[in-house]
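Right, one structure below, let's go through it.
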Amino acid sequence: MDRLNGKTALITGAGAGIGRATALRFAAEGANVVVSDVNDDAARAVATEIGETSIVNHCDTSVEADVEAAIAATIKAFGTIDILVNNAGVGGGQAWDRMIAINLSGVMYGCKHGAEAMAARGGGSIVNLSSMLGLISIPGAGVDGYTAAKHGVVGLTKNYALTYGPRGVRVNCINPGWIETAMTDPIAAAGGKAFMVEGTALGRMGKPEEVAAVALFLASDDASFVTGASHVVDGGWTAR
Ligand SMILES: NC(=O)c1ccc[n+]([C@@H]2O[C@H](COP(=O)([O-])OP(=O)(O)OC[C@H]3O[C@@H](n4cnc5c(N)ncnc54)[C@H](O)[C@@H]3O)[C@@H](O)[C@H]2O)c1
């Protein structure tokens, strides 16, 4: 329970789903956690659950100045930033520009300002939330922008890992399969649960905590030689 003792983490989109589970896990492992979200009530609830080692931050990751300010707020509150999880994202069906702004540009703003802040302090770890749809695709016009953005996150991860590796910053991405959150609830409600479960080797959807466990590994010193890589957490969906 002390794998992140003494570390400070900023997590975007931490008010719900995978971000929330990651915030709670990181805090349980001893980290100071900045719970950042565009939804203030949701962020406040998570920070309250954590207690005094946590603060709330309002940030719309599609706005570069917000992301810069979130990093500055982290350093102001806890004196440093060791870990950044670029988790905030929206599901398919959005307009193209909005999708790219949040799911791709938002991650780039985090990498750009987060990597520089970490490098200036001797290093750190950035974890980007891509998707298995950053490596493969499924049919459907509704996920064209999502797929393109998540493939882009894989490329961004490689670029920042190569650029900042020499300065001690590791950059990885996680590629989840179907995880039970508010993002997949509408798919399940529309009759898509069987589709999500049947293609998954383990025969079920994943839980946010199962993604948070991999984020913890990547954020921790256990992953000291791991950078520039995609980490599939999909119960076997992409194995077929
Ligand atoms: N759930 C899945 O099956 C799944 C699969 C693969 C990848 N992912 C990725 O994991 C990440 C988290 O997804 P989730 O399922 O936990 O989603 P979720 O909808 O449960 O939670 C997303 C959180 O991000 C916040 N958010 C949305 N837009 C934001 C913005 N512009 N700025 C800041 N915060 C914003 C929301 O308020 C919410 O709290 C996303 O990047 C998503 O694409 C999810």
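Labeling convention for the structure tokens: chains A, B, ... as they appear, residues from 1 per chain, ligands from 1 in order of appearance.
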Got a sec to check which residues lie within 7 Å of ligand 1, using only C-alpha atoms and all ligand atoms, and send them as a ChimeraX atom specification? /A:12-19,36-39,42,59-62,87-91,102-103,129-132,175-184,208
Quick one: write out the picked residues with C-alpha atoms as an mmCIF file, in the first residue's frame?
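Okay, part-v1.cif is ready:
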```
data_model
loop_
_atom_site.group_PDB
_atom_site.id
_atom_site.type_symbol
_atom_site.label_atom_id
_atom_site.label_comp_id
_atom_site.auth_asym_id
_atom_site.auth_seq_id
_atom_site.Cartn_x
_atom_site.Cartn_y
_atom_site.Cartn_z
ATOM 1 C CA THR A 12 -7.474 14.476 -15.499
ATOM 2 C CA GLY A 13 -11.073 13.330 -15.823
ATOM 3 C CA ALA A 14 -10.732 11.960 -12.297
ATOM 4 C CA GLY A 15 -14.342 12.564 -11.286
ATOM 5 C CA ALA A 16 -15.649 9.299 -12.726
ATOM 6 C CA GLY A 17 -14.823 5.905 -14.182
ATOM 7 C CA ILE A 18 -11.189 4.973 -14.810
ATOM 8 C CA GLY A 19 -9.893 8.359 -13.624
ATOM 9 C CA SER A 36 -8.964 17.286 -11.949
ATOM 10 C CA ASP A 37 -12.158 17.301 -13.995
ATOM 11 C CA VAL A 38 -14.410 19.591 -16.001
ATOM 12 C CA ASN A 39 -17.220 18.398 -13.703
ATOM 13 C CA ALA A 42 -17.751 14.888 -9.435
ATOM 14 C CA CYS A 59 -9.740 21.735 -15.980
ATOM 15 C CA ASP A 60 -11.220 21.301 -19.437
ATOM 16 C CA THR A 61 -8.385 19.423 -21.122
ATOM 17 C CA SER A 62 -9.383 20.734 -24.545
ATOM 18 C CA ASN A 87 -7.226 10.260 -18.720
ATOM 19 C CA ALA A 88 -10.017 12.715 -19.617
ATOM 20 C CA GLY A 89 -11.902 11.602 -22.691
ATOM 21 C CA VAL A 90 -15.305 11.338 -24.327
ATOM 22 C CA GLY A 91 -16.940 8.440 -26.153
ATOM 23 C CA ILE A 102 -10.544 16.461 -26.046
ATOM 24 C CA ASN A 103 -9.245 12.975 -26.906
ATOM 25 C CA LEU A 129 -5.342 6.767 -21.795
ATOM 26 C CA SER A 130 -5.592 5.528 -25.355
ATOM 27 C CA SER A 131 -7.877 2.556 -26.116
ATOM 28 C CA MET A 132 -7.724 -0.778 -27.869
ATOM 29 C CA ASN A 175 -5.203 0.622 -24.260
ATOM 30 C CA PRO A 176 -8.303 -0.581 -22.416
ATOM 31 C CA GLY A 177 -10.947 -2.775 -23.953
ATOM 32 C CA TRP A 178 -14.586 -2.578 -22.832
ATOM 33 C CA ILE A 179 -14.676 -1.217 -19.272
ATOM 34 C CA GLU A 180 -17.835 -0.717 -17.188
ATOM 35 C CA THR A 181 -18.134 3.087 -16.897
ATOM 36 C CA ALA A 182 -20.508 5.880 -17.909
ATOM 37 C CA MET A 183 -18.810 5.763 -21.326
ATOM 38 C CA THR A 184 -19.954 2.222 -22.109
ATOM 39 C CA PRO A 208 -12.137 0.625 -13.812
#
```
- request: With a distance cut-off of 6 Å and only C-alpha atoms, select the neighbouring residues of range 235-240 of chain A, excluding the residue or stretch itself and same-chain residues fewer than 5 positions from it, and output the selection as a PyMOL selection string.
  value: chain A and resi 199-202
Mind writing the picked residues with C-alpha atoms as a CSV table (one decimal), in the first residue's frame?
```csv
chain,number,residue,atom,x,y,z
A,199,GLY,CA,-15.5,-10.8,-28.2
A,200,THR,CA,-13.6,-10.6,-24.8
A,201,ALA,CA,-11.7,-13.8,-24.1
A,202,LEU,CA,-12.4,-13.5,-20.3
```
The residue from A:Gln94, A:Asn5, A:Ser220, A:Thr48 with the smallest atom-to-atom distance to Arg170 in chain A, counting only C-alpha atoms, is A:Ser220
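Pairwise distance (CA of Gly124 in chain A, CA of Ala65 in chain A) equals 21.4 Å.
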(request) Based on DSSP run over this structure's backbone, return all residues of range 22-164 of chain A in alpha helix (DSSP H), as a ChimeraX atom specification. (result) /A:22-28,40-50,64-78,96-100,106-120,144-164
Written file, previous selection with C-alpha atoms, as a compact mmCIF listing (two decimals), in the first residue's frame:
```txt
# COMPACT_ATOMS: atom_id res chain seq x y z
CA THR A 22 -6.98 5.64 -10.52
CA ALA A 23 -7.21 8.59 -8.13
CA LEU A 24 -8.46 6.36 -5.31
CA ARG A 25 -5.81 3.69 -5.96
CA PHE A 26 -2.95 6.20 -6.18
CA ALA A 27 -4.08 7.81 -2.93
CA ALA A 28 -4.30 4.40 -1.25
CA ASP A 40 -16.51 20.13 -10.37
CA ASP A 41 -19.10 18.24 -8.31
CA ALA A 42 -17.75 14.89 -9.44
CA ALA A 43 -14.15 15.91 -8.71
CA ARG A 44 -15.10 17.27 -5.29
CA ALA A 45 -16.77 13.98 -4.34
CA VAL A 46 -13.63 11.99 -5.21
CA ALA A 47 -11.30 14.41 -3.40
CA THR A 48 -13.56 14.26 -0.33
CA GLU A 49 -13.40 10.47 -0.43
CA ILE A 50 -9.58 10.66 -0.43
CA GLU A 64 -4.42 24.39 -23.28
CA ALA A 65 -4.37 27.16 -20.66
CA ASP A 66 -6.49 24.98 -18.34
CA VAL A 67 -4.02 22.10 -18.61
CA GLU A 68 -1.06 24.40 -17.95
CA ALA A 69 -2.89 25.85 -14.96
CA ALA A 70 -3.66 22.35 -13.60
CA ILE A 71 0.04 21.48 -13.66
CA ALA A 72 0.91 24.79 -11.98
CA ALA A 73 -1.78 24.19 -9.33
CA THR A 74 -0.32 20.74 -8.63
CA ILE A 75 3.17 22.16 -8.09
CA LYS A 76 1.79 24.99 -5.97
CA ALA A 77 -0.17 22.64 -3.72
CA PHE A 78 2.36 19.83 -3.28
CA TRP A 96 -15.04 15.45 -35.17
CA ASP A 97 -13.51 18.72 -33.92
CA ARG A 98 -14.74 18.19 -30.36
CA MET A 99 -13.48 14.60 -30.35
CA ILE A 100 -10.01 15.59 -31.53
CA GLY A 106 -6.00 17.42 -24.59
CA VAL A 107 -3.51 14.58 -24.22
CA MET A 108 -0.91 16.53 -26.21
CA TYR A 109 -1.30 19.58 -23.91
CA GLY A 110 -0.72 17.32 -20.92
CA CYS A 111 2.35 15.70 -22.47
CA LYS A 112 3.80 19.04 -23.60
CA HIS A 113 3.49 20.91 -20.31
CA GLY A 114 3.68 17.89 -18.01
CA ALA A 115 6.87 16.46 -19.52
CA GLU A 116 8.60 19.85 -19.36
CA ALA A 117 7.60 20.38 -15.72
CA MET A 118 8.79 16.88 -14.79
CA ALA A 119 12.05 17.15 -16.73
CA ALA A 120 12.82 20.41 -14.92
CA ASP A 144 -14.20 7.20 -36.72
CA GLY A 145 -13.04 10.23 -34.73
CA TYR A 146 -12.57 8.20 -31.54
CA THR A 147 -10.42 5.66 -33.38
CA ALA A 148 -8.33 8.35 -35.07
CA ALA A 149 -7.79 10.24 -31.79
CA LYS A 150 -6.83 7.10 -29.86
CA HIS A 151 -4.40 6.00 -32.61
CA GLY A 152 -2.96 9.52 -32.32
CA VAL A 153 -2.41 9.05 -28.59
CA VAL A 154 -0.22 6.00 -29.32
CA GLY A 155 1.91 8.14 -31.63
CA LEU A 156 2.10 11.03 -29.15
CA THR A 157 3.21 8.58 -26.47
CA LYS A 158 6.11 7.35 -28.61
CA ASN A 159 7.16 10.88 -29.57
CA TYR A 160 7.20 12.23 -26.02
CA ALA A 161 8.91 9.09 -24.70
CA LEU A 162 11.75 9.56 -27.19
CA THR A 163 11.98 13.30 -26.69
CA TYR A 164 11.94 13.30 -22.87
```
Which of A:Arg20, A:His231, A:Lys193, A:Arg167 sits closest to Met205 in chain A [using only C-alpha atoms]: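 Answer, going by the shortest atom-to-atom distance: A:Lys193.
CA of Gly140 in chain A is positioned 23.7 Å from CA of Ser230 in chain A.
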